[in-house]
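**Q** Just query_1.txt, nothing more (compact mmCIF, C-alpha atoms):
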# COMPACT_ATOMS: atom_id res chain seq x y z
CA MET A 1 18.67 -80.62 191.23
CA LYS A 2 22.14 -79.33 190.56
CA ASP A 3 24.49 -78.94 193.44
CA LYS A 4 27.55 -76.79 192.98
CA LYS A 5 29.25 -77.89 196.20
CA ILE A 6 31.86 -80.62 195.82
CA LYS A 7 30.65 -83.56 197.90
CA ASN A 8 32.74 -86.26 199.50
CA VAL A 9 31.84 -89.45 197.65
CA PHE A 10 34.00 -91.73 199.80
CA LYS A 11 32.86 -93.91 202.66
CA GLU A 12 35.21 -95.87 204.89
CA GLY A 13 34.68 -99.62 204.34
CA ALA A 14 31.80 -101.42 202.65
CA ILE A 15 28.50 -99.77 201.75
CA SER A 16 25.76 -101.52 203.74
CA SER A 17 22.43 -102.71 202.35
CA GLU A 18 20.71 -100.74 205.15
CA PHE A 19 22.34 -97.53 203.90
CA ILE A 20 21.07 -98.29 200.38
CA GLY A 21 17.56 -99.03 201.68
CA GLU A 22 17.54 -95.75 203.62
CA SER A 23 18.68 -93.83 200.53
CA ILE A 24 15.73 -95.29 198.62
CA ALA A 25 13.32 -94.39 201.45
CA LYS A 26 14.49 -90.76 201.41
CA HIS A 27 13.25 -90.40 197.84
CA GLN A 28 9.62 -91.19 198.63
CA SER A 29 8.93 -87.52 199.30
CA LYS A 30 10.16 -86.59 195.80
CA ILE A 31 6.85 -87.08 194.07
CA SER A 32 7.95 -86.04 190.58
CA ILE A 33 10.14 -89.16 190.38
CA GLY A 34 8.80 -92.09 188.35
CA ALA A 35 11.92 -94.24 187.98
CA HIS A 36 15.06 -95.01 189.95
CA ASN A 37 18.05 -96.93 188.67
CA ILE A 38 20.73 -98.20 191.02
CA PHE A 39 24.12 -99.69 190.23
CA LEU A 40 25.99 -101.63 192.89
CA GLY A 41 29.56 -102.84 192.50
CA GLN A 42 30.22 -105.92 194.63
CA VAL A 43 33.64 -107.44 195.37
CA ARG A 44 33.93 -110.67 193.44
CA ALA A 45 35.90 -113.75 194.54
CA ASP A 46 37.96 -113.81 191.34
CA GLU A 47 40.38 -116.66 191.08
CA ILE A 48 43.82 -115.73 189.76
CA ASP A 49 46.54 -118.39 189.41
CA GLY A 50 44.59 -120.68 191.73
CA LYS A 51 44.18 -118.12 194.50
CA ALA A 52 40.85 -116.50 195.30
CA VAL A 53 40.45 -112.80 196.04
CA SER A 54 39.21 -112.32 199.62
CA ALA A 55 38.97 -108.51 199.72
CA ILE A 56 39.84 -105.33 197.85
CA GLU A 57 41.64 -102.49 199.60
CA TYR A 58 40.72 -99.17 197.99
CA THR A 59 42.83 -96.03 198.03
CA ALA A 60 42.23 -92.86 196.04
CA TYR A 61 43.65 -89.48 195.22
CA GLU A 62 40.70 -88.19 197.20
CA ASP A 63 40.75 -84.49 196.34
CA MET A 64 41.10 -85.14 192.63
CA ALA A 65 38.56 -87.98 192.70
CA ASN A 66 35.93 -85.85 194.42
CA GLU A 67 36.50 -83.14 191.79
CA LYS A 68 36.11 -85.72 189.03
CA PHE A 69 32.97 -87.20 190.61
CA HIS A 70 31.62 -83.64 190.75
CA GLU A 71 32.42 -83.05 187.07
CA ILE A 72 30.76 -86.35 186.14
CA ARG A 73 27.68 -85.35 188.14
CA GLU A 74 27.47 -81.94 186.43
CA ALA A 75 27.92 -83.45 182.96
CA THR A 76 25.26 -86.08 183.67
CA PHE A 77 22.72 -83.46 184.76
CA GLU A 78 23.49 -81.57 181.53
CA LYS A 79 22.95 -84.63 179.35
CA PHE A 80 19.94 -86.29 180.98
CA ASN A 81 16.68 -85.18 182.58
CA LEU A 82 17.40 -86.31 186.15
CA THR A 83 15.75 -85.35 189.40
CA CYS A 84 18.67 -86.47 191.53
CA MET A 85 21.87 -88.48 191.60
CA HIS A 86 24.00 -89.96 194.38
CA ILE A 87 27.42 -91.61 194.19
CA TYR A 88 29.22 -93.42 197.02
CA HIS A 89 32.56 -95.25 196.76
CA SER A 90 34.34 -97.24 199.43
CA LEU A 91 37.82 -96.58 200.74
CA GLY A 92 39.82 -99.12 202.75
CA THR A 93 38.99 -102.81 202.94
CA VAL A 94 35.87 -104.25 201.31
CA LYS A 95 35.47 -108.02 201.65
CA VAL A 96 34.20 -110.40 198.99
CA GLY A 97 30.40 -110.12 198.70
CA GLU A 98 30.36 -106.58 200.08
CA ILE A 99 29.43 -103.47 198.11
CA CYS A 100 32.09 -100.92 197.11
CA LEU A 101 30.22 -98.66 194.68
CA PHE A 102 26.66 -97.32 194.89
CA VAL A 103 25.32 -95.09 192.10
CA PHE A 104 21.70 -93.95 192.30
CA VAL A 105 19.88 -91.90 189.62
CA SER A 106 16.24 -90.83 189.58
CA SER A 107 14.08 -89.19 186.94
CA PRO A 108 10.44 -88.63 186.07
CA ARG A 109 10.92 -91.09 183.17
CA ARG A 110 12.53 -94.50 182.92
CA LYS A 111 14.31 -94.03 179.56
CA GLU A 112 16.47 -91.35 181.12
CA VAL A 113 17.64 -93.38 184.11
CA PHE A 114 18.96 -96.28 182.03
CA LYS A 115 21.10 -94.05 179.83
CA ALA A 116 22.23 -91.84 182.69
CA LEU A 117 23.26 -94.67 185.02
CA GLU A 118 25.41 -96.46 182.48
CA TYR A 119 27.02 -93.16 181.51
CA VAL A 120 27.88 -92.34 185.14
CA VAL A 121 29.32 -95.77 185.92
CA GLU A 122 31.49 -95.84 182.78
CA GLU A 123 32.74 -92.32 183.48
CA ILE A 124 33.66 -93.28 187.05
CA LYS A 125 35.66 -96.27 185.81
CA VAL A 126 37.63 -94.09 183.38
CA LYS A 127 38.02 -90.78 185.21
CA ALA A 128 38.11 -91.36 188.98
CA PRO A 129 41.63 -91.90 190.40
CA VAL A 130 40.70 -94.82 192.63
CA PHE A 131 42.97 -97.84 193.05
CA GLY A 132 41.95 -101.32 194.12
CA LYS A 133 44.42 -103.75 195.65
CA GLU A 134 43.14 -107.32 195.40
CA ILE A 135 44.04 -109.22 198.57
CA PHE A 136 44.22 -113.00 198.31
CA GLU A 137 43.46 -115.53 201.02
CA ASP A 138 47.20 -115.98 201.68
CA GLN A 139 47.60 -112.19 202.17
CA SER A 140 49.51 -111.77 198.90
CA HIS A 141 48.08 -109.13 196.61
CA GLN A 142 47.89 -107.70 193.11
CA TRP A 143 46.70 -104.38 191.75
CA LYS A 144 43.29 -104.54 190.15
CA VAL A 145 42.89 -103.47 186.52
CA ASN A 146 39.45 -102.44 185.26
CA SER A 147 38.15 -104.18 182.14
CA MET B 148 20.60 -119.73 187.99
CA LYS B 149 17.59 -120.80 185.98
CA ASP B 150 14.44 -121.63 187.80
CA LYS B 151 11.75 -123.57 185.98
CA LYS B 152 9.06 -123.02 188.58
CA ILE B 153 6.64 -120.18 187.87
CA LYS B 154 6.98 -117.68 190.72
CA ASN B 155 4.40 -115.25 191.97
CA VAL B 156 5.76 -111.81 191.12
CA PHE B 157 2.94 -109.87 192.81
CA LYS B 158 2.99 -108.28 196.23
CA GLU B 159 -0.03 -106.66 197.87
CA GLY B 160 0.54 -102.90 198.20
CA ALA B 161 3.76 -100.90 197.90
CA ILE B 162 7.24 -102.47 197.86
CA SER B 163 9.11 -101.19 200.91
CA SER B 164 12.67 -99.86 200.95
CA GLU B 165 13.43 -102.36 203.76
CA PHE B 166 12.41 -105.22 201.49
CA ILE B 167 14.75 -103.90 198.78
CA GLY B 168 17.60 -103.51 201.28
CA GLU B 169 17.08 -107.08 202.50
CA SER B 170 17.09 -108.39 198.91
CA ILE B 171 20.45 -106.71 198.38
CA ALA B 172 21.82 -108.16 201.62
CA LYS B 173 20.84 -111.70 200.57
CA HIS B 174 23.21 -111.44 197.60
CA GLN B 175 26.34 -110.92 199.67
CA SER B 176 26.87 -114.66 199.87
CA LYS B 177 26.90 -114.92 196.06
CA ILE B 178 30.58 -114.22 195.63
CA SER B 179 30.73 -114.60 191.85
CA ILE B 180 28.63 -111.44 191.49
CA GLY B 181 30.47 -108.26 190.57
CA ALA B 182 27.60 -105.98 189.57
CA HIS B 183 23.96 -105.47 190.51
CA ASN B 184 21.51 -103.25 188.67
CA ILE B 185 18.16 -102.35 190.20
CA PHE B 186 15.17 -100.64 188.61
CA LEU B 187 12.47 -99.15 190.80
CA GLY B 188 9.19 -97.78 189.48
CA GLN B 189 7.78 -95.11 191.77
CA VAL B 190 4.26 -93.65 191.60
CA ARG B 191 4.54 -90.10 190.29
CA ALA B 192 2.20 -87.20 191.22
CA ASP B 193 1.33 -86.50 187.59
CA GLU B 194 -0.99 -83.58 187.06
CA ILE B 195 -3.76 -84.16 184.51
CA ASP B 196 -6.29 -81.39 183.76
CA GLY B 197 -5.29 -79.62 186.95
CA LYS B 198 -5.75 -82.65 189.21
CA ALA B 199 -2.80 -84.49 190.77
CA VAL B 200 -2.54 -88.28 190.93
CA SER B 201 -2.54 -89.42 194.57
CA ALA B 202 -2.24 -93.20 194.06
CA ILE B 203 -2.35 -95.97 191.49
CA GLU B 204 -4.53 -99.02 192.02
CA TYR B 205 -3.05 -102.03 190.24
CA THR B 206 -4.95 -105.06 189.03
CA ALA B 207 -3.64 -107.85 186.82
CA TYR B 208 -4.56 -111.00 184.98
CA GLU B 209 -2.41 -112.68 187.58
CA ASP B 210 -2.06 -116.18 186.10
CA MET B 211 -1.18 -114.88 182.66
CA ALA B 212 1.08 -112.15 184.06
CA ASN B 213 3.07 -114.64 186.15
CA GLU B 214 3.50 -116.82 183.05
CA LYS B 215 4.68 -113.78 181.06
CA PHE B 216 7.08 -112.75 183.82
CA HIS B 217 8.42 -116.29 183.77
CA GLU B 218 8.91 -116.19 179.99
CA ILE B 219 10.67 -112.82 180.25
CA ARG B 220 12.93 -114.27 182.94
CA GLU B 221 13.81 -117.32 180.82
CA ALA B 222 14.49 -115.20 177.72
CA THR B 223 16.68 -112.83 179.72
CA PHE B 224 18.80 -115.67 181.12
CA GLU B 225 19.21 -116.92 177.53
CA LYS B 226 20.35 -113.54 176.22
CA PHE B 227 22.58 -112.31 179.04
CA ASN B 228 25.15 -113.77 181.42
CA LEU B 229 23.28 -113.28 184.67
CA THR B 230 23.78 -114.85 188.07
CA CYS B 231 20.28 -114.04 189.28
CA MET B 232 17.19 -111.99 188.64
CA HIS B 233 14.22 -110.95 190.77
CA ILE B 234 11.01 -109.19 189.77
CA TYR B 235 8.31 -107.86 192.11
CA HIS B 236 5.20 -105.92 191.10
CA SER B 237 2.56 -104.38 193.34
CA LEU B 238 -1.14 -105.15 193.28
CA GLY B 239 -3.74 -102.94 194.93
CA THR B 240 -3.15 -99.36 196.04
CA VAL B 241 0.28 -97.76 195.81
CA LYS B 242 0.44 -94.13 196.91
CA VAL B 243 2.44 -91.34 195.30
CA GLY B 244 6.13 -91.68 196.25
CA GLU B 245 5.82 -95.41 196.90
CA ILE B 246 7.43 -98.16 194.84
CA CYS B 247 5.33 -100.40 192.59
CA LEU B 248 7.99 -102.26 190.53
CA PHE B 249 11.33 -103.73 191.66
CA VAL B 250 13.57 -105.46 189.14
CA PHE B 251 16.96 -106.73 190.30
CA VAL B 252 19.61 -108.32 188.06
CA SER B 253 23.11 -109.48 189.03
CA SER B 254 26.08 -110.68 187.01
CA PRO B 255 29.80 -111.20 187.31
CA ARG B 256 30.23 -108.23 184.90
CA ARG B 257 28.68 -104.78 184.74
CA LYS B 258 28.15 -104.59 180.96
CA GLU B 259 25.64 -107.46 181.22
CA VAL B 260 23.51 -105.95 183.96
CA PHE B 261 22.85 -102.69 182.12
CA LYS B 262 21.64 -104.41 178.97
CA ALA B 263 19.67 -107.07 180.86
CA LEU B 264 17.85 -104.68 183.19
CA GLU B 265 16.62 -102.39 180.43
CA TYR B 266 15.51 -105.43 178.43
CA VAL B 267 13.52 -106.85 181.35
CA VAL B 268 11.81 -103.57 182.21
CA GLU B 269 10.79 -102.87 178.59
CA GLU B 270 9.49 -106.43 178.21
CA ILE B 271 7.41 -106.10 181.38
CA LYS B 272 5.83 -102.86 180.10
CA VAL B 273 4.86 -104.53 176.81
CA LYS B 274 4.01 -108.11 177.82
CA ALA B 275 2.64 -108.20 181.37
CA PRO B 276 -1.17 -107.82 181.61
CA VAL B 277 -1.12 -105.36 184.50
CA PHE B 278 -3.50 -102.41 184.68
CA GLY B 279 -2.99 -99.19 186.61
CA LYS B 280 -5.89 -96.99 187.63
CA GLU B 281 -4.72 -93.47 188.47
CA ILE B 282 -6.67 -92.13 191.45
CA PHE B 283 -6.86 -88.36 191.82
CA GLU B 284 -7.12 -86.36 195.03
CA ASP B 285 -10.88 -85.93 194.50
CA GLN B 286 -11.32 -89.75 194.15
CA SER B 287 -12.02 -89.52 190.40
CA HIS B 288 -9.82 -91.77 188.28
CA GLN B 289 -8.45 -92.53 184.84
CA TRP B 290 -6.79 -95.61 183.41
CA LYS B 291 -3.02 -95.28 183.05
CA VAL B 292 -1.42 -95.71 179.63
CA ASN B 293 2.27 -96.59 179.42
CA SER B 294 4.47 -94.35 177.30
CA MET C 295 -18.99 -124.97 174.15
CA ARG C 296 -18.86 -123.16 177.45
CA LEU C 297 -16.40 -120.24 177.68
CA ASN C 298 -15.16 -118.38 180.69
CA ILE C 299 -14.89 -114.69 179.76
CA LYS C 300 -12.60 -112.46 181.85
CA TYR C 301 -12.56 -108.66 181.86
CA PHE C 302 -9.79 -106.39 183.17
CA GLY C 303 -9.10 -102.74 183.83
CA LEU C 304 -11.32 -100.29 182.03
CA ILE C 305 -13.08 -103.16 180.21
CA ALA C 306 -14.18 -104.66 183.54
CA GLU C 307 -15.37 -101.20 184.52
CA LEU C 308 -17.46 -101.02 181.34
CA THR C 309 -18.97 -104.50 181.74
CA SER C 310 -19.39 -104.06 185.55
CA CYS C 311 -18.19 -107.62 185.76
CA SER C 312 -14.83 -109.36 186.04
CA GLU C 313 -15.78 -112.83 184.87
CA GLU C 314 -18.80 -114.54 183.30
CA GLN C 315 -19.70 -117.83 181.59
CA LEU C 316 -20.91 -117.87 178.00
CA GLU C 317 -22.40 -120.64 175.86
CA PHE C 318 -20.70 -120.35 172.43
CA GLU C 319 -21.65 -122.07 169.16
CA GLY C 320 -19.16 -120.53 166.68
CA THR C 321 -15.54 -121.21 165.74
CA LYS C 322 -13.49 -117.99 165.76
CA VAL C 323 -12.45 -115.48 168.39
CA GLU C 324 -14.03 -112.63 166.42
CA GLU C 325 -17.43 -114.31 166.84
CA VAL C 326 -17.00 -114.25 170.61
CA ILE C 327 -16.22 -110.56 170.40
CA GLU C 328 -19.31 -109.96 168.22
CA LEU C 329 -21.46 -111.60 170.88
CA LEU C 330 -19.88 -109.41 173.57
CA ASN C 331 -20.30 -106.29 171.42
CA THR C 332 -24.02 -107.02 171.28
CA LYS C 333 -24.20 -107.46 175.04
CA TYR C 334 -21.93 -104.43 175.78
CA PRO C 335 -22.31 -101.92 172.92
CA ASP C 336 -19.68 -99.57 174.45
CA LEU C 337 -17.06 -102.27 173.92
CA LYS C 338 -16.82 -101.40 170.20
CA SER C 339 -15.09 -98.11 170.86
CA LYS C 340 -12.48 -99.64 173.17
CA ASP C 341 -8.96 -100.76 172.41
CA PHE C 342 -8.15 -104.25 173.73
CA GLN C 343 -6.27 -107.46 173.00
CA VAL C 344 -7.74 -110.92 173.43
CA ALA C 345 -6.00 -113.74 175.31
CA GLN C 346 -7.16 -117.33 175.02
CA ASN C 347 -5.94 -119.51 177.86
CA ARG C 348 -3.39 -116.85 178.81
CA GLU C 349 -1.88 -116.35 175.33
CA ILE C 350 -2.58 -113.35 173.11
CA VAL C 351 -4.55 -114.47 170.03
CA SER C 352 -5.76 -112.76 166.86
CA LEU C 353 -9.46 -112.32 166.05
CA LYS C 354 -9.14 -114.96 163.33
CA SER C 355 -7.87 -117.62 165.73
CA PRO C 356 -10.06 -120.67 166.42
CA VAL C 357 -11.79 -120.82 169.76
CA THR C 358 -10.45 -123.83 171.65
CA GLY C 359 -12.48 -123.43 174.84
CA GLY C 360 -11.47 -122.37 178.28
CA ASP C 361 -10.62 -118.78 179.24
CA ILE C 362 -11.07 -115.81 176.94
CA ALA C 363 -9.78 -112.55 178.41
CA LEU C 364 -10.31 -109.00 177.13
CA LEU C 365 -7.21 -106.99 177.97
CA PRO C 366 -7.05 -103.21 177.64
CA PRO C 367 -3.62 -101.59 177.08
CA PHE C 368 -1.11 -102.78 179.67
CA SER C 369 0.15 -100.21 182.14
CA GLY C 370 2.28 -102.09 184.63
CA GLY C 371 5.42 -100.76 186.25
CA MET D 372 60.39 -74.26 192.36
CA ARG D 373 59.23 -76.61 195.06
CA LEU D 374 56.92 -79.44 193.94
CA ASN D 375 54.80 -81.77 195.99
CA ILE D 376 54.97 -85.23 194.41
CA LYS D 377 52.19 -87.72 195.20
CA TYR D 378 52.25 -91.47 194.53
CA PHE D 379 49.29 -93.84 194.42
CA GLY D 380 48.51 -97.53 194.18
CA LEU D 381 51.28 -99.69 192.80
CA ILE D 382 53.45 -96.59 192.20
CA ALA D 383 53.34 -95.72 195.91
CA GLU D 384 54.28 -99.34 196.61
CA LEU D 385 57.29 -99.03 194.31
CA THR D 386 58.47 -95.72 195.80
CA SER D 387 57.63 -96.83 199.37
CA CYS D 388 56.31 -93.32 199.80
CA SER D 389 52.98 -91.55 199.25
CA GLU D 390 54.19 -87.97 199.11
CA GLU D 391 57.49 -86.10 198.93
CA GLN D 392 58.81 -82.60 198.22
CA LEU D 393 61.15 -81.97 195.31
CA GLU D 394 63.17 -78.90 194.29
CA PHE D 395 62.73 -78.56 190.51
CA GLU D 396 64.63 -76.30 188.06
CA GLY D 397 63.15 -77.31 184.68
CA THR D 398 60.02 -76.37 182.76
CA LYS D 399 58.15 -79.47 181.53
CA VAL D 400 56.38 -82.36 183.19
CA GLU D 401 58.62 -84.86 181.39
CA GLU D 402 61.63 -83.39 183.18
CA VAL D 403 59.99 -84.10 186.52
CA ILE D 404 59.42 -87.68 185.43
CA GLU D 405 63.06 -87.99 184.32
CA LEU D 406 64.18 -86.90 187.78
CA LEU D 407 61.89 -89.46 189.37
CA ASN D 408 63.05 -92.18 186.97
CA THR D 409 66.60 -91.56 188.20
CA LYS D 410 65.51 -91.78 191.82
CA TYR D 411 63.23 -94.84 191.24
CA PRO D 412 64.61 -96.82 188.27
CA ASP D 413 61.68 -99.30 188.42
CA LEU D 414 59.30 -96.47 187.53
CA LYS D 415 60.35 -96.67 183.85
CA SER D 416 58.59 -99.97 183.31
CA LYS D 417 55.32 -98.80 184.86
CA ASP D 418 52.22 -97.45 183.18
CA PHE D 419 50.92 -94.23 184.74
CA GLN D 420 49.30 -90.88 184.02
CA VAL D 421 50.43 -87.60 185.51
CA ALA D 422 48.09 -85.11 187.18
CA GLN D 423 49.17 -81.54 187.95
CA ASN D 424 46.98 -79.85 190.56
CA ARG D 425 44.34 -82.56 190.09
CA GLU D 426 44.11 -82.40 186.30
CA ILE D 427 45.60 -84.98 183.95
CA VAL D 428 48.44 -83.39 181.93
CA SER D 429 50.67 -84.56 179.09
CA LEU D 430 54.42 -84.97 179.48
CA LYS D 431 54.97 -81.90 177.31
CA SER D 432 52.88 -79.64 179.59
CA PRO D 433 54.63 -76.84 181.48
CA VAL D 434 55.17 -77.33 185.19
CA THR D 435 53.19 -74.65 187.01
CA GLY D 436 54.07 -75.70 190.56
CA GLY D 437 51.99 -77.30 193.28
CA ASP D 438 50.98 -80.97 193.24
CA ILE D 439 52.26 -83.50 190.72
CA ALA D 440 50.66 -86.95 191.08
CA LEU D 441 51.70 -90.23 189.48
CA LEU D 442 48.55 -92.25 188.86
CA PRO D 443 48.62 -95.93 187.83
CA PRO D 444 45.62 -97.29 185.88
CA PHE D 445 42.35 -96.50 187.68
CA SER D 446 40.44 -99.42 189.12
CA GLY D 447 37.53 -97.97 191.04
CA GLY D 448 34.07 -99.50 191.27
Do you think you could lay out the structure here as structure tokens?
**A**
Amino acid sequence: MKDKKIKNVFKEGAISSEFIGESIAKHQSKISIGAHNIFLGQVRADEIDGKAVSAIEYTAYEDMANEKFHEIREATFEKFNLTCMHIYHSLGTVKVGEICLFVFVSSPRRKEVFKALEYVVEEIKVKAPVFGKEIFEDQSHQWKVNS
Amino acid sequence: MKDKKIKNVFKEGAISSEFIGESIAKHQSKISIGAHNIFLGQVRADEIDGKAVSAIEYTAYEDMANEKFHEIREATFEKFNLTCMHIYHSLGTVKVGEICLFVFVSSPRRKEVFKALEYVVEEIKVKAPVFGKEIFEDQSHQWKVNS
Amino acid sequence: MRLNIKYFGLIAELTSCSEEQLEFEGTKVEEVIELLNTKYPDLKSKDFQVAQNREIVSLKSPVTGGDIALLPPFSGG
Amino acid sequence: MRLNIKYFGLIAELTSCSEEQLEFEGTKVEEVIELLNTKYPDLKSKDFQVAQNREIVSLKSPVTGGDIALLPPFSGG
């Protein structure tokens, strides 16, 4: 299903496992779906110069990011045979072990979901103006760089 | 984490969205994880000769299947840099819209989870002696063939 | 030797049986299948793999005793 | 023309400001950046892209008015 309206992808704080479970439950009425594929980004306790990351604080150019997420969504529906797609990204503080990105694609067929999900996640990394500030245990910080 | 013990992958009936949500929540203490990838197989209301599938009844050569799942798990840990992996498959009746397969892989890095998840799911389709009987609305049936 | 024959999916449907014991005098897997083809003539038209003690084996493999399973095409997931 | 300049991430940290208005007389995006380099000398050493009205533009693009955003490397997800 294509959706021309630009959605707000951002959620304040971490994305809870309950929210993810409920999103899955909502798809049980969509009986043409045979396969779901879900990507979750989780904040990792990276150690940099002997200090461990304790949280990431996300900011974004929200208007532009939502437009880019919308363009990614449209392009993905063009490329792959998907029934539906959902993207959620955190803003603000997300602690180590918590989830900051939730991408959910569904299709009648499994081959489509694998290709589509990787495409969406890589596009988000490259095109969405979102900025992560890695906060260390001692409250110092550095700006995250995607690899 | 490698686990030498052969686990029982099978669950009686559908895999609930709450169970999936709880599995995700359990990983929040694993702070070296940066990416999760989840595959869900959902029973599709396929129409065959004008009759719609209403459920799939799964049976398996359980001992052999659990050994094969174990071998797939071991091979996947060899090939990819994963922190953990979980596989659950339904036995018995799973209705249209319900989930019959749940594969969950986690890694420090996202590139690994995409490759690993697709590998695991394709291996399961080919190597696990599991048999799906498609039950139609009128209680007639046919044996499912994977594509 | 005594074999334990297991049937699954549409094969079990055809044999109306999920497991049976068989006294076997031969040496190769294909001889077991010949015996079963005689007992269940419809088996000949069916596509299946054979597992011996939970490993897929070819028809030319030696019978080592234990469990022989007839496995129709897998359709998990 | 009057431009609305937006700063994000480590650029906003450097300018101590997330948004400011600027009166601009020139024609190209690079001239805007030159003005900002004068105001914030540390900007020169930083890696960023420029978006005009929410689309990435090159330094040679014409300034059409509205929002100009300085975007350090993206690190979402």
**Q** Quick one: of B:Glu225, B:Val268, B:Asp285, B:Phe278, who's nearest to Ala35 (chain A), counting all atoms listed in the file?
**A** B:Val268
**Q** Write out as an NGL selection string the residues lying within 10 Å of His288 (chain B), counting only C-alpha atoms and excluding same-chain residues fewer than 4 positions away.
**A** :B and (200-204 or 280-284)
**Q** Need to verify the contact set: Phe157 (chain B), 9 Å, all atoms listed in the file, exclusion of same-chain residues closer than 2 positions in sequence. Can you return it as a PyMOL selection string?
**A** chain B and resi 155+159+209+213+234-238
**Q** Could you please tell me, as a ChimeraX atom specification, which residues of chain C have an atom within 12 Å of chain B when using only C-alpha atoms?
**A** /C:300-307,312-313,341-350,361-371
**Q** Distance table requested - chain B against chain A, cut-off 6 Å, all atoms listed in the file: one row per qualifying residue with the closest atom pair and its distance in Å to one decimal, ordered by chain and rising residue number, as a tab-separated table.
**A**
residue	atom	partner	partner_atom	distance
B:Ser164	CA	A:Gly21	CA	5.0
B:Glu165	CA	A:Gly21	CA	5.7
B:Gly168	CA	A:Gly21	CA	4.5
B:Ile171	CA	A:Ser17	CA	6.0
B:Ala172	CA	A:Ser17	CA	5.5
B:Gln175	CA	A:Gly97	CA	4.3
B:Ser176	CA	A:Gly97	CA	5.9
B:Ile178	CA	A:Gly97	CA	5.1
B:Ser179	CA	A:Arg44	CA	5.3
B:Ile180	CA	A:Arg44	CA	5.7
B:Gly181	CA	A:Gln42	CA	4.7
B:Ala182	CA	A:Gly41	CA	4.7
B:His183	CA	A:Leu40	CA	5.0
B:Asn184	CA	A:Phe39	CA	4.7
B:Ile185	CA	A:Ile38	CA	4.9
B:Phe186	CA	A:Asn37	CA	4.7
B:Leu187	CA	A:His36	CA	5.0
B:Gly188	CA	A:Ala35	CA	4.7
B:Gln189	CA	A:Gly34	CA	4.7
B:Val190	CA	A:Gly34	CA	5.8
B:Arg191	CA	A:Gly34	CA	5.1
B:Ala192	CA	A:Ile31	CA	5.5
B:Gly244	CA	A:Gln28	CA	4.3
B:Glu245	CA	A:Gln28	CA	5.9
**Q** If we count all atoms listed in the file, what is near Gln315 (chain C) at a cut-off of 8 Å, once residues fewer than 3 positions away on the same chain are taken out, given as a list of chain:residue names?
**A**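 Final neighbour list, sorted by chain and number: C:Arg296, C:Leu297, C:Asn298, C:Ile299.
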